[in-house]
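Asker: Dropping in coords_22.csv, with CSV, C-alpha atoms.
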chain,number,residue,atom,x,y,z
A,11,MET,CA,28.4,-2.6,16.7
A,12,ALA,CA,24.9,-1.8,15.6
A,13,THR,CA,22.1,-1.4,18.1
A,14,ILE,CA,19.0,0.6,18.9
A,15,LYS,CA,17.7,2.3,22.0
A,16,ILE,CA,13.9,2.4,22.7
A,17,ASN,CA,12.3,4.9,25.0
A,18,HIS,CA,10.2,2.4,27.0
A,19,GLU,CA,8.1,4.9,28.8
A,20,ARG,CA,6.9,6.5,25.5
A,21,CYS,CA,6.3,3.3,23.6
A,22,LYS,CA,2.7,2.3,22.9
A,23,GLY,CA,3.4,-1.3,22.0
A,24,CYS,CA,1.9,-1.1,18.5
A,25,GLY,CA,4.5,-3.6,17.2
A,26,LEU,CA,5.1,-1.8,13.8
A,27,CYS,CA,8.9,-1.7,14.5
A,28,GLY,CA,9.1,-5.5,15.2
A,29,ASN,CA,7.0,-6.1,12.1
A,30,ALA,CA,9.4,-4.0,9.9
A,31,CYS,CA,12.6,-5.5,11.4
A,32,PRO,CA,14.2,-7.7,8.7
A,33,ASN,CA,16.0,-9.9,11.3
A,34,LYS,CA,13.1,-9.9,13.8
A,35,CYS,CA,15.2,-8.6,16.6
A,36,ILE,CA,12.5,-6.7,18.4
A,37,SER,CA,9.9,-8.2,20.8
A,38,LEU,CA,7.2,-6.8,23.1
A,39,SER,CA,7.8,-7.0,26.8
A,40,LYS,CA,5.3,-8.9,29.0
A,41,GLN,CA,5.3,-6.1,31.6
A,42,PHE,CA,3.4,-2.8,31.3
A,43,ASN,CA,5.0,0.7,31.2
A,44,LYS,CA,3.5,3.8,33.0
A,45,ILE,CA,1.0,4.5,30.3
A,46,GLY,CA,-0.2,0.9,30.3
A,47,TYR,CA,1.3,-0.7,27.2
A,48,HIS,CA,3.6,-3.6,26.6
A,49,TRP,CA,6.8,-1.8,25.4
A,50,ALA,CA,9.1,-2.9,22.6
A,51,PHE,CA,12.7,-3.9,23.4
A,52,ILE,CA,15.6,-5.3,21.4
A,53,GLU,CA,15.8,-9.0,22.2
A,54,LYS,CA,18.4,-10.2,19.7
A,55,GLU,CA,20.9,-7.3,19.8
A,56,ASP,CA,23.6,-9.2,17.9
A,57,ASP,CA,21.4,-9.5,14.8
A,58,CYS,CA,20.7,-5.8,14.6
A,59,ILE,CA,22.2,-4.3,11.4
A,60,ALA,CA,21.2,-0.6,12.1
A,61,CYS,CA,19.0,-0.6,8.9
A,62,GLY,CA,16.7,2.0,10.6
A,63,PHE,CA,13.4,0.4,9.5
A,64,CYS,CA,12.2,0.4,13.1
A,65,TYR,CA,13.0,4.1,13.4
A,66,LEU,CA,11.1,4.8,10.1
A,67,THR,CA,8.0,2.9,11.2
A,68,CYS,CA,7.8,4.1,14.8
A,69,PRO,CA,4.8,6.5,15.1
A,70,ASP,CA,6.0,7.8,18.5
A,71,PHE,CA,9.6,8.5,17.6
A,72,CYS,CA,10.9,6.6,20.6
A,73,ILE,CA,13.7,4.7,18.7
A,74,GLU,CA,17.3,5.9,18.3
A,75,VAL,CA,19.7,3.9,16.0
A,76,TYR,CA,23.4,3.6,16.7
A,77,LYS,CA,26.2,2.2,14.6
B,27,MET,CA,29.3,3.9,18.3
B,28,ASN,CA,27.6,6.9,16.8
B,29,LYS,CA,23.9,7.9,16.8
B,30,ILE,CA,22.8,7.7,13.2
B,31,LEU,CA,19.1,8.2,13.5
B,32,SER,CA,17.1,10.0,16.1
B,33,LYS,CA,14.2,12.4,16.6
B,34,PRO,CA,14.6,15.5,14.3
B,35,GLU,CA,15.1,18.9,15.8
B,36,SER,CA,11.8,20.2,14.5
B,37,LEU,CA,9.9,17.9,16.9
B,38,LYS,CA,9.5,18.6,20.6
B,39,ASP,CA,10.4,15.9,23.1
B,40,VAL,CA,6.9,15.1,24.1
B,41,SER,CA,4.6,12.0,23.8
B,42,LEU,CA,1.9,12.2,21.2
B,43,SER,CA,-1.9,11.9,21.9
B,44,TYR,CA,-2.4,9.6,18.9
B,45,CYS,CA,-3.5,6.0,19.3
B,46,PRO,CA,-1.0,3.1,19.0
B,47,GLY,CA,0.1,2.4,15.4
B,48,CYS,CA,-1.5,5.6,14.1
B,49,GLY,CA,0.2,7.0,10.9
B,50,HIS,CA,0.1,10.7,12.1
B,51,GLY,CA,3.3,10.3,14.2
B,52,ILE,CA,5.2,8.9,11.2
B,53,ILE,CA,4.0,11.8,9.0
B,54,HIS,CA,4.8,14.4,11.7
B,55,ARG,CA,8.4,13.0,11.7
B,56,LEU,CA,8.7,13.0,7.9
B,57,ILE,CA,7.6,16.7,7.8
B,58,ALA,CA,10.0,17.6,10.6
B,59,GLU,CA,12.9,15.8,8.9
B,60,CYS,CA,12.2,17.7,5.6
B,61,VAL,CA,11.9,21.0,7.4
B,62,ASP,CA,15.3,20.3,9.1
B,63,GLU,CA,17.0,19.2,5.9
B,64,LEU,CA,15.8,22.3,4.0
B,65,HIS,CA,16.8,24.6,6.9
B,66,LEU,CA,13.3,26.0,7.1
B,67,ARG,CA,12.7,25.8,10.9
B,68,GLU,CA,13.1,29.5,11.7
B,69,LYS,CA,10.8,30.6,8.9
B,70,THR,CA,8.1,28.0,8.9
B,71,ILE,CA,4.5,28.7,9.9
B,72,ALA,CA,2.2,25.6,9.8
B,73,VAL,CA,-1.6,25.6,10.0
B,74,ALA,CA,-3.1,22.8,12.1
B,75,PRO,CA,-6.6,21.4,11.4
B,76,VAL,CA,-9.5,20.4,13.5
B,77,GLY,CA,-9.3,16.6,13.9
B,78,CYS,CA,-6.8,14.2,15.4
B,79,ALA,CA,-3.9,16.5,14.5
B,80,VAL,CA,-5.5,19.5,16.4
B,81,PHE,CA,-2.6,19.5,18.9
B,82,ALA,CA,0.1,19.6,16.2
B,83,TYR,CA,1.3,22.9,17.8
B,84,ASP,CA,2.3,20.9,20.9
B,85,TYR,CA,4.5,18.5,18.8
B,86,PHE,CA,6.2,20.7,16.2
B,87,ASN,CA,9.2,22.8,17.3
B,88,PHE,CA,8.3,25.7,14.9
B,89,ASP,CA,5.4,28.1,14.7
B,90,VAL,CA,2.0,26.5,14.2
B,91,THR,CA,-1.4,28.2,14.2
B,92,GLU,CA,-4.8,26.7,14.4
B,93,ALA,CA,-7.7,27.2,11.9
B,94,PRO,CA,-11.4,26.5,12.2
B,95,HIS,CA,-12.6,23.2,10.7
B,96,GLY,CA,-11.6,22.9,7.1
B,97,ARG,CA,-10.2,26.5,6.8
B,98,PRO,CA,-6.4,25.9,6.9
B,99,PRO,CA,-5.9,26.7,3.1
B,100,ALA,CA,-7.8,30.0,3.6
B,101,VAL,CA,-5.7,30.9,6.7
B,102,ALA,CA,-2.5,29.8,5.0
B,103,THR,CA,-3.4,32.0,2.0
B,104,GLY,CA,-3.6,35.0,4.4
B,105,ILE,CA,-0.3,34.1,6.1
B,106,LYS,CA,1.6,33.5,2.9
B,107,ARG,CA,0.3,36.7,1.2
B,108,THR,CA,1.2,38.9,4.1
B,109,ASN,CA,4.5,37.1,4.8
B,110,PRO,CA,5.8,35.9,1.4
B,111,ASP,CA,9.2,35.1,2.8
B,112,LYS,CA,7.8,32.6,5.2
B,113,PHE,CA,7.4,28.9,4.5
B,114,VAL,CA,3.7,28.0,5.0
B,115,PHE,CA,2.1,24.6,5.0
B,116,THR,CA,-1.2,23.1,6.2
B,117,TYR,CA,-1.7,19.7,7.8
B,118,GLN,CA,-5.2,18.4,7.3
B,119,GLY,CA,-7.2,15.2,7.6
B,120,ASP,CA,-9.8,13.9,5.2
B,121,GLY,CA,-12.9,15.2,7.0
B,122,ASP,CA,-11.2,18.6,7.3
B,123,ILE,CA,-10.0,19.0,3.7
B,124,ALA,CA,-12.6,17.0,1.7
B,125,ALA,CA,-15.8,17.6,3.6
B,126,ILE,CA,-16.1,20.8,5.7
B,127,GLY,CA,-13.2,22.6,3.9
B,128,MET,CA,-13.8,21.4,0.3
B,129,SER,CA,-14.6,25.0,-0.8
B,130,GLU,CA,-11.5,26.5,0.8
B,131,THR,CA,-9.3,23.7,-0.6
B,132,ILE,CA,-10.6,24.0,-4.2
B,133,HIS,CA,-10.4,27.8,-4.3
B,134,ALA,CA,-6.9,28.0,-2.7
B,135,ALA,CA,-5.8,25.4,-5.3
B,136,ASN,CA,-7.5,27.2,-8.1
B,137,ARG,CA,-5.9,30.5,-7.2
B,138,GLY,CA,-2.6,28.7,-7.3
B,139,GLU,CA,-1.6,29.9,-3.8
B,140,ASN,CA,2.1,29.2,-3.2
B,141,ILE,CA,1.4,26.9,-0.2
B,142,THR,CA,1.9,23.2,0.5
B,143,VAL,CA,-0.9,21.0,1.8
B,144,ILE,CA,-0.2,17.8,3.6
B,145,PHE,CA,-3.5,15.8,3.5
B,146,VAL,CA,-3.7,12.7,5.7
B,147,ASN,CA,-6.3,10.3,4.4
B,148,ASN,CA,-7.4,7.6,6.8
B,149,ALA,CA,-10.8,7.0,5.3
B,150,ASN,CA,-12.9,8.1,8.3
B,151,TYR,CA,-13.4,10.8,10.9
B,152,GLY,CA,-10.8,9.6,13.4
B,153,MET,CA,-11.1,12.0,16.3
B,154,THR,CA,-14.9,11.8,16.7
B,155,GLY,CA,-14.8,8.0,16.8
B,156,GLY,CA,-14.7,6.6,13.2
B,157,GLN,CA,-17.7,7.9,11.3
B,158,MET,CA,-18.0,7.8,7.5
B,159,ALA,CA,-15.9,10.5,5.8
B,160,PRO,CA,-16.0,11.6,2.1
B,161,THR,CA,-13.0,9.3,1.5
B,162,THR,CA,-14.5,6.2,3.1
B,163,LEU,CA,-14.2,3.2,0.7
B,164,ILE,CA,-17.3,1.5,-0.8
B,165,GLY,CA,-18.3,-1.3,1.5
B,166,GLN,CA,-16.2,0.0,4.4
B,167,ILE,CA,-17.8,-0.4,7.8
B,168,THR,CA,-17.7,2.7,10.0
B,169,GLN,CA,-19.8,3.9,13.0
B,170,THR,CA,-22.4,5.5,10.6
B,171,THR,CA,-22.2,2.8,7.9
B,172,PRO,CA,-22.5,-0.4,10.0
B,173,PHE,CA,-23.4,-2.4,6.9
B,174,GLY,CA,-20.7,-0.9,4.7
B,175,ARG,CA,-20.7,2.3,2.6
B,176,ASP,CA,-23.5,1.9,0.0
B,177,PRO,CA,-22.9,4.2,-3.0
B,178,LYS,CA,-26.7,4.4,-3.6
B,179,ARG,CA,-27.2,6.0,-0.2
B,180,ASP,CA,-23.8,7.5,0.6
B,181,GLY,CA,-22.2,8.3,-2.7
B,182,TYR,CA,-18.7,7.4,-3.8
B,183,PRO,CA,-15.3,8.2,-2.2
B,184,ILE,CA,-13.8,11.5,-3.3
B,185,LYS,CA,-10.4,11.2,-4.9
B,186,LEU,CA,-9.1,14.7,-4.1
B,187,CYS,CA,-5.8,14.6,-5.9
B,188,GLU,CA,-7.5,13.6,-9.2
B,189,LEU,CA,-10.2,16.3,-8.6
B,190,LEU,CA,-7.6,19.0,-8.1
B,191,ALA,CA,-5.5,17.8,-11.0
B,192,THR,CA,-8.1,19.2,-13.4
B,193,LEU,CA,-7.5,22.8,-12.0
B,194,ASP,CA,-4.9,24.9,-13.8
B,195,GLY,CA,-3.8,26.5,-10.5
B,196,THR,CA,-2.2,23.3,-9.0
B,197,THR,CA,1.4,22.5,-9.6
B,198,TYR,CA,2.4,19.3,-7.8
B,199,LEU,CA,0.0,16.5,-6.6
B,200,GLU,CA,1.2,13.1,-5.3
B,201,ARG,CA,-0.4,10.3,-3.4
B,202,VAL,CA,1.9,8.3,-1.0
B,203,SER,CA,1.5,6.0,1.9
B,204,VAL,CA,3.3,5.1,5.2
B,205,PHE,CA,2.4,1.4,5.6
B,206,ASN,CA,6.0,0.0,5.2
B,207,PRO,CA,9.5,1.4,5.3
B,208,GLN,CA,9.8,1.6,1.5
B,209,ASN,CA,6.7,3.7,1.2
B,210,ILE,CA,7.7,5.9,4.1
B,211,ILE,CA,11.0,6.7,2.3
B,212,LYS,CA,8.9,7.5,-0.9
B,213,ALA,CA,6.5,9.7,1.2
B,214,LYS,CA,9.4,11.7,2.5
B,215,LYS,CA,10.8,12.3,-1.0
B,216,ALA,CA,7.3,13.5,-2.1
B,217,ILE,CA,6.9,15.9,0.9
B,218,LYS,CA,10.4,17.3,0.3
B,219,LYS,CA,9.7,17.9,-3.4
B,220,ALA,CA,6.4,19.7,-2.5
B,221,PHE,CA,8.3,21.9,0.0
B,222,GLN,CA,10.9,22.6,-2.6
B,223,CYS,CA,8.1,23.5,-5.0
B,224,GLN,CA,7.0,26.2,-2.6
B,225,ILE,CA,10.5,27.5,-2.0
B,226,ASP,CA,11.0,27.9,-5.7
B,227,GLU,CA,7.6,29.8,-5.9
B,228,LYS,CA,6.1,27.3,-8.3
B,229,GLY,CA,2.6,27.4,-6.7
B,230,PHE,CA,0.1,25.0,-5.0
B,231,SER,CA,1.3,21.6,-4.0
B,232,LEU,CA,-0.6,18.8,-2.2
B,233,ILE,CA,0.7,15.5,-0.9
B,234,GLU,CA,-2.1,13.0,0.0
B,235,VAL,CA,-0.7,10.5,2.6
B,236,ILE,CA,-2.7,7.3,2.9
B,237,SER,CA,-2.5,6.5,6.6
B,238,GLN,CA,-3.7,3.8,9.0
B,239,CYS,CA,-6.3,4.3,11.7
B,240,PRO,CA,-6.2,1.0,13.6
B,241,VAL,CA,-8.5,1.9,16.5
B,242,ASP,CA,-11.3,3.3,14.5
B,243,TRP,CA,-11.1,0.6,11.9
B,244,SER,CA,-11.4,-1.9,14.8
B,245,MET,CA,-8.1,-3.6,13.8
B,246,SER,CA,-4.7,-4.3,15.4
B,247,PRO,CA,-1.9,-2.0,14.0
B,248,LEU,CA,-0.5,-4.9,12.0
B,249,GLU,CA,-3.9,-5.8,10.5
B,250,ALA,CA,-4.4,-2.1,9.7
B,251,ILE,CA,-1.2,-1.8,7.7
B,252,ARG,CA,-2.1,-5.0,5.9
B,253,TRP,CA,-5.5,-3.6,5.1
B,254,VAL,CA,-3.9,-0.4,3.7
B,255,GLU,CA,-1.7,-2.5,1.4
B,256,GLU,CA,-4.3,-5.0,0.3
B,257,VAL,CA,-7.5,-2.8,0.1
B,258,PHE,CA,-7.0,0.9,0.7
B,259,ILE,CA,-4.4,1.6,-1.9
B,260,LYS,CA,-6.3,-0.4,-4.5
B,261,SER,CA,-9.0,2.3,-4.4
B,262,PHE,CA,-6.6,5.1,-4.0
B,263,PRO,CA,-3.6,4.2,-6.3
B,264,LEU,CA,-0.3,5.7,-5.2
B,265,GLY,CA,1.9,7.8,-7.5
B,266,VAL,CA,2.4,11.3,-8.9
B,267,ILE,CA,-1.0,12.6,-10.1
B,268,LYS,CA,0.2,15.9,-11.5
B,269,ASP,CA,3.7,17.4,-11.9
B,270,LYS,CA,3.9,20.8,-13.6
B,271,ILE,CA,7.0,22.0,-11.7
B,272,ASP,CA,9.1,22.3,-14.8
B,273,GLU,CA,6.5,24.2,-16.7
B,274,LYS,CA,5.8,27.0,-14.1
Just give me the structure as structure tokens.
Answerer:
Amino acid sequence: MATIKINHERCKGCGLCGNACPNKCISLSKQFNKIGYHWAFIEKEDDCIACGFCYLTCPDFCIEVYK
Amino acid sequence: MNKILSKPESLKDVSLSYCPGCGHGIIHRLIAECVDELHLREKTIAVAPVGCAVFAYDYFNFDVTEAPHGRPPAVATGIKRTNPDKFVFTYQGDGDIAAIGMSETIHAANRGENITVIFVNNANYGMTGGQMAPTTLIGQITQTTPFGRDPKRDGYPIKLCELLATLDGTTYLERVSVFNPQNIIKAKKAIKKAFQCQIDEKGFSLIEVISQCPVDWSMSPLEAIRWVEEVFIKSFPLGVIKDKIDEK
């Protein structure tokens, strides 16, 4: 099964990962993390194909991809 | 379930000081991946600039020194000449390399120093709040050009790769971008080729990375990557500007 893990506390909520995701699996949380941003999380885990596009575009290297 | 992609070993496990959506983090990761893949971590010495990337020594998990504004190519020259077995690269922004450090850049390139320069071009002075830089586009609004850059008053943007391509000392010059996954993969290939150029002792290589600066451009991160794609790279076309690796 393919999935990703996002470090919520380091995410700055820029949304580049969600924009790059071909299946639009990633959304931004409505809550804030400790540094004051809406963090990204994987909403549709079943649609993840572990393409790694989110990992490539994340400027804060908070994404790990599993397959 | 195996981990197939995660933070490279050459990056420390710390959070970065860059703004949300900034391209610096992506470029840091590409450099760290190339250093890991070429097994250079124990012999790398990087030179950090003055600018947004001034804290690069806190993020990279190899030796990084700091140079005065614009002087990394001169400092890297000294390091490489005294330690020819080390791998030396500089990491510079557009204000650093094309304004204050133009003289050092041109002379290091003209001498054909065996170093690699990673030049991050975001079309303004990012750290000081988004003033006009030498690479600011014509008509672009910045803090010091509130009505857009006017060539009659402010001159034209400097295309550093094309400028350095006229010098016989340079070996490999390429312009890449990091606005989408496809271009990020191309950027990594270019950085790796430039690093290999230094390992093979072929001479001076420079990779210009067109990067987004959402906060200083007063855009959201998604608007910024769209602006890079639709406007920025039209003025700074991507591609290999000079490749003399096979001739040296």
Asker: Wanna dump the chain A-chain B contacts at 12 Å for me, each residue with its shortest atom pair and the distance in Å to one decimal, counting all atoms listed in the file, ordered by chain and number, as a Markdown table?
Answerer:
| residue | atom | partner | partner_atom | distance |
| --- | --- | --- | --- | --- |
| A:Met11 | CA | B:Met27 | CA | 6.8 |
| A:Ala12 | CA | B:Met27 | CA | 7.7 |
| A:Thr13 | CA | B:Met27 | CA | 8.9 |
| A:Ile14 | CA | B:Lys29 | CA | 9.0 |
| A:Lys15 | CA | B:Ser32 | CA | 9.7 |
| A:Ile16 | CA | B:Ser32 | CA | 10.6 |
| A:Asn17 | CA | B:Ser41 | CA | 10.5 |
| A:His18 | CA | B:Ser41 | CA | 11.6 |
| A:Glu19 | CA | B:Ser41 | CA | 9.4 |
| A:Arg20 | CA | B:Ser41 | CA | 6.2 |
| A:Cys21 | CA | B:Pro46 | CA | 8.6 |
| A:Lys22 | CA | B:Pro46 | CA | 5.4 |
| A:Gly23 | CA | B:Pro46 | CA | 6.9 |
| A:Cys24 | CA | B:Gly47 | CA | 5.0 |
| A:Gly25 | CA | B:Leu248 | CA | 7.3 |
| A:Leu26 | CA | B:Leu248 | CA | 6.6 |
| A:Cys27 | CA | B:Pro207 | CA | 9.7 |
| A:Gly28 | CA | B:Leu248 | CA | 10.1 |
| A:Asn29 | CA | B:Leu248 | CA | 7.6 |
| A:Ala30 | CA | B:Asn206 | CA | 7.0 |
| A:Cys31 | CA | B:Pro207 | CA | 9.7 |
| A:Pro32 | CA | B:Pro207 | CA | 10.8 |
| A:Ile45 | CA | B:Ser41 | CA | 10.6 |
| A:Gly46 | CA | B:Pro46 | CA | 11.5 |
| A:Tyr47 | CA | B:Pro46 | CA | 9.3 |
| A:His48 | CA | B:Pro46 | CA | 11.1 |
| A:Trp49 | CA | B:Pro46 | CA | 11.2 |
| A:Ala60 | CA | B:Ile30 | CA | 8.5 |
| A:Cys61 | CA | B:Leu31 | CA | 9.9 |
| A:Gly62 | CA | B:Leu31 | CA | 7.3 |
| A:Phe63 | CA | B:Pro207 | CA | 5.8 |
| A:Cys64 | CA | B:Pro207 | CA | 8.3 |
| A:Tyr65 | CA | B:Leu31 | CA | 7.4 |
| A:Leu66 | CA | B:Pro207 | CA | 6.1 |
| A:Thr67 | CA | B:Pro207 | CA | 6.3 |
| A:Cys68 | CA | B:Ile52 | CA | 6.5 |
| A:Pro69 | CA | B:Gly51 | CA | 4.2 |
| A:Asp70 | CA | B:Gly51 | CA | 5.7 |
| A:Phe71 | CA | B:Lys33 | CA | 6.1 |
| A:Cys72 | CA | B:Lys33 | CA | 7.8 |
| A:Ile73 | CA | B:Ser32 | CA | 6.8 |
| A:Glu74 | CA | B:Ser32 | CA | 4.7 |
| A:Val75 | CA | B:Leu31 | CA | 5.0 |
| A:Tyr76 | CA | B:Lys29 | CA | 4.3 |
| A:Lys77 | CA | B:Met27 | CA | 5.1 |
Asker: With a distance cut-off of 10 Å and all atoms listed in the file, select the neighbouring residues of Met158 in chain B, excluding the residue or stretch itself and same-chain residues fewer than 4 positions from it, and output the selection as a PDB file with C-alpha atoms, keeping the file's coordinate frame.
Answerer:
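around.pdb was written with the following content:
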ATOM      1  CA  GLY B 121     -12.900  15.200   7.000  1.00  0.00           C
ATOM      2  CA  ALA B 149     -10.800   7.000   5.300  1.00  0.00           C
ATOM      3  CA  ASN B 150     -12.900   8.100   8.300  1.00  0.00           C
ATOM      4  CA  TYR B 151     -13.400  10.800  10.900  1.00  0.00           C
ATOM      5  CA  GLY B 152     -10.800   9.600  13.400  1.00  0.00           C
ATOM      6  CA  THR B 162     -14.500   6.200   3.100  1.00  0.00           C
ATOM      7  CA  LEU B 163     -14.200   3.200   0.700  1.00  0.00           C
ATOM      8  CA  GLN B 166     -16.200   0.000   4.400  1.00  0.00           C
ATOM      9  CA  ILE B 167     -17.800  -0.400   7.800  1.00  0.00           C
ATOM     10  CA  THR B 168     -17.700   2.700  10.000  1.00  0.00           C
ATOM     11  CA  GLN B 169     -19.800   3.900  13.000  1.00  0.00           C
ATOM     12  CA  THR B 170     -22.400   5.500  10.600  1.00  0.00           C
ATOM     13  CA  THR B 171     -22.200   2.800   7.900  1.00  0.00           C
ATOM     14  CA  PRO B 172     -22.500  -0.400  10.000  1.00  0.00           C
ATOM     15  CA  GLY B 174     -20.700  -0.900   4.700  1.00  0.00           C
ATOM     16  CA  ARG B 175     -20.700   2.300   2.600  1.00  0.00           C
ATOM     17  CA  ASP B 180     -23.800   7.500   0.600  1.00  0.00           C
TER      18      ASP B 180
END
Asker: Need the neighbours of (-10.3, 3.7, 3.0): which residues are at most 10 Å away, counting all atoms listed in the file, as a CSV table (one decimal) with C-alpha atoms, keeping the file's coordinate frame?
Answerer:
chain,number,residue,atom,x,y,z
B,147,ASN,CA,-6.3,10.3,4.4
B,148,ASN,CA,-7.4,7.6,6.8
B,149,ALA,CA,-10.8,7.0,5.3
B,150,ASN,CA,-12.9,8.1,8.3
B,158,MET,CA,-18.0,7.8,7.5
B,159,ALA,CA,-15.9,10.5,5.8
B,160,PRO,CA,-16.0,11.6,2.1
B,161,THR,CA,-13.0,9.3,1.5
B,162,THR,CA,-14.5,6.2,3.1
B,163,LEU,CA,-14.2,3.2,0.7
B,164,ILE,CA,-17.3,1.5,-0.8
B,165,GLY,CA,-18.3,-1.3,1.5
B,166,GLN,CA,-16.2,0.0,4.4
B,167,ILE,CA,-17.8,-0.4,7.8
B,183,PRO,CA,-15.3,8.2,-2.2
B,236,ILE,CA,-2.7,7.3,2.9
B,237,SER,CA,-2.5,6.5,6.6
B,238,GLN,CA,-3.7,3.8,9.0
B,239,CYS,CA,-6.3,4.3,11.7
B,243,TRP,CA,-11.1,0.6,11.9
B,253,TRP,CA,-5.5,-3.6,5.1
B,254,VAL,CA,-3.9,-0.4,3.7
B,257,VAL,CA,-7.5,-2.8,0.1
B,258,PHE,CA,-7.0,0.9,0.7
B,259,ILE,CA,-4.4,1.6,-1.9
B,260,LYS,CA,-6.3,-0.4,-4.5
B,261,SER,CA,-9.0,2.3,-4.4
B,262,PHE,CA,-6.6,5.1,-4.0
Asker: What's around Leu189 in chain B at 12 Å? Count all atoms listed in the file, leave out sequence neighbours fewer than 4 positions away in its own chain, and write the answer as number ranges by chain.
Answerer: B: 124, 128, 131-132, 135-136, 183-185, 193-194, 196, 199, 232, 267-268
Asker: Rounded to one decimal place, report the CA of Ile123 in chain B-CA of Met153 in chain B distance in Å.
Answerer: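 Computing it gives 14.5 Å between the two atoms.
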Asker: To one decimal in Å, tell me the separation between CA of Glu139 in chain B and CA of Gly127 in chain B.
Answerer: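 That distance, rounded to one decimal, is 15.7 Å.
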Asker: What's the 7 Å shell around range 75-85 of chain B, counting all atoms listed in the file, without same-chain residues fewer than 2 positions away, as a list of chain:residue names?
Answerer: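 Skipping anything fewer than 2 positions along the chain leaves B:Leu37, B:Lys38, B:Val40, B:Val73, B:Asn87, B:Val90, B:Thr91, B:Glu92, B:Ala93, B:Pro94, B:His95, B:Gly96, B:Pro98, B:Tyr117, B:Gln118, B:Gly119, B:Asp122, B:Gly152, B:Met153.
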Asker: State, in Å with one decimal place, the distance from CA of Gly229 in chain B to CA of Ile217 in chain B.
Answerer: 14.4 Å
Asker: Would you mind putting N, CA and C atoms back on range 33-44 of chain A and writing the result as an mmCIF file, in the frame of the given file?
Answerer:
data_model
loop_
_atom_site.group_PDB
_atom_site.id
_atom_site.type_symbol
_atom_site.label_atom_id
_atom_site.label_comp_id
_atom_site.auth_asym_id
_atom_site.auth_seq_id
_atom_site.Cartn_x
_atom_site.Cartn_y
_atom_site.Cartn_z
ATOM 1 N N ASN A 33 15.405 -8.719 10.563
ATOM 2 C CA ASN A 33 16.000 -9.900 11.300
ATOM 3 C C ASN A 33 15.136 -10.233 12.531
ATOM 4 N N LYS A 34 13.984 -9.611 12.673
ATOM 5 C CA LYS A 34 13.100 -9.900 13.800
ATOM 6 C C LYS A 34 13.770 -9.840 15.145
ATOM 7 N N CYS A 35 14.480 -8.736 15.373
ATOM 8 C CA CYS A 35 15.200 -8.600 16.600
ATOM 9 C C CYS A 35 14.359 -8.024 17.755
ATOM 10 N N ILE A 36 13.219 -7.419 17.415
ATOM 11 C CA ILE A 36 12.500 -6.700 18.400
ATOM 12 C C ILE A 36 11.263 -7.470 18.905
ATOM 13 N N SER A 37 11.072 -7.491 20.221
ATOM 14 C CA SER A 37 9.900 -8.200 20.800
ATOM 15 C C SER A 37 9.169 -7.224 21.722
ATOM 16 N N LEU A 38 7.980 -7.633 22.143
ATOM 17 C CA LEU A 38 7.200 -6.800 23.100
ATOM 18 C C LEU A 38 7.364 -7.419 24.488
ATOM 19 N N SER A 39 7.597 -6.542 25.452
ATOM 20 C CA SER A 39 7.800 -7.000 26.800
ATOM 21 C C SER A 39 6.446 -7.514 27.404
ATOM 22 N N LYS A 40 6.551 -8.397 28.398
ATOM 23 C CA LYS A 40 5.300 -8.900 29.000
ATOM 24 C C LYS A 40 4.835 -7.931 30.108
ATOM 25 N N GLN A 41 5.731 -7.019 30.529
ATOM 26 C CA GLN A 41 5.300 -6.100 31.600
ATOM 27 C C GLN A 41 4.681 -4.825 30.917
ATOM 28 N N PHE A 42 4.056 -3.997 31.754
ATOM 29 C CA PHE A 42 3.400 -2.800 31.300
ATOM 30 C C PHE A 42 4.311 -1.571 31.654
ATOM 31 N N ASN A 43 4.289 -0.517 30.803
ATOM 32 C CA ASN A 43 5.000 0.700 31.200
ATOM 33 C C ASN A 43 3.931 1.635 31.896
ATOM 34 N N LYS A 44 4.357 2.876 32.222
ATOM 35 C CA LYS A 44 3.500 3.800 33.000
ATOM 36 C C LYS A 44 2.197 4.126 32.315
#
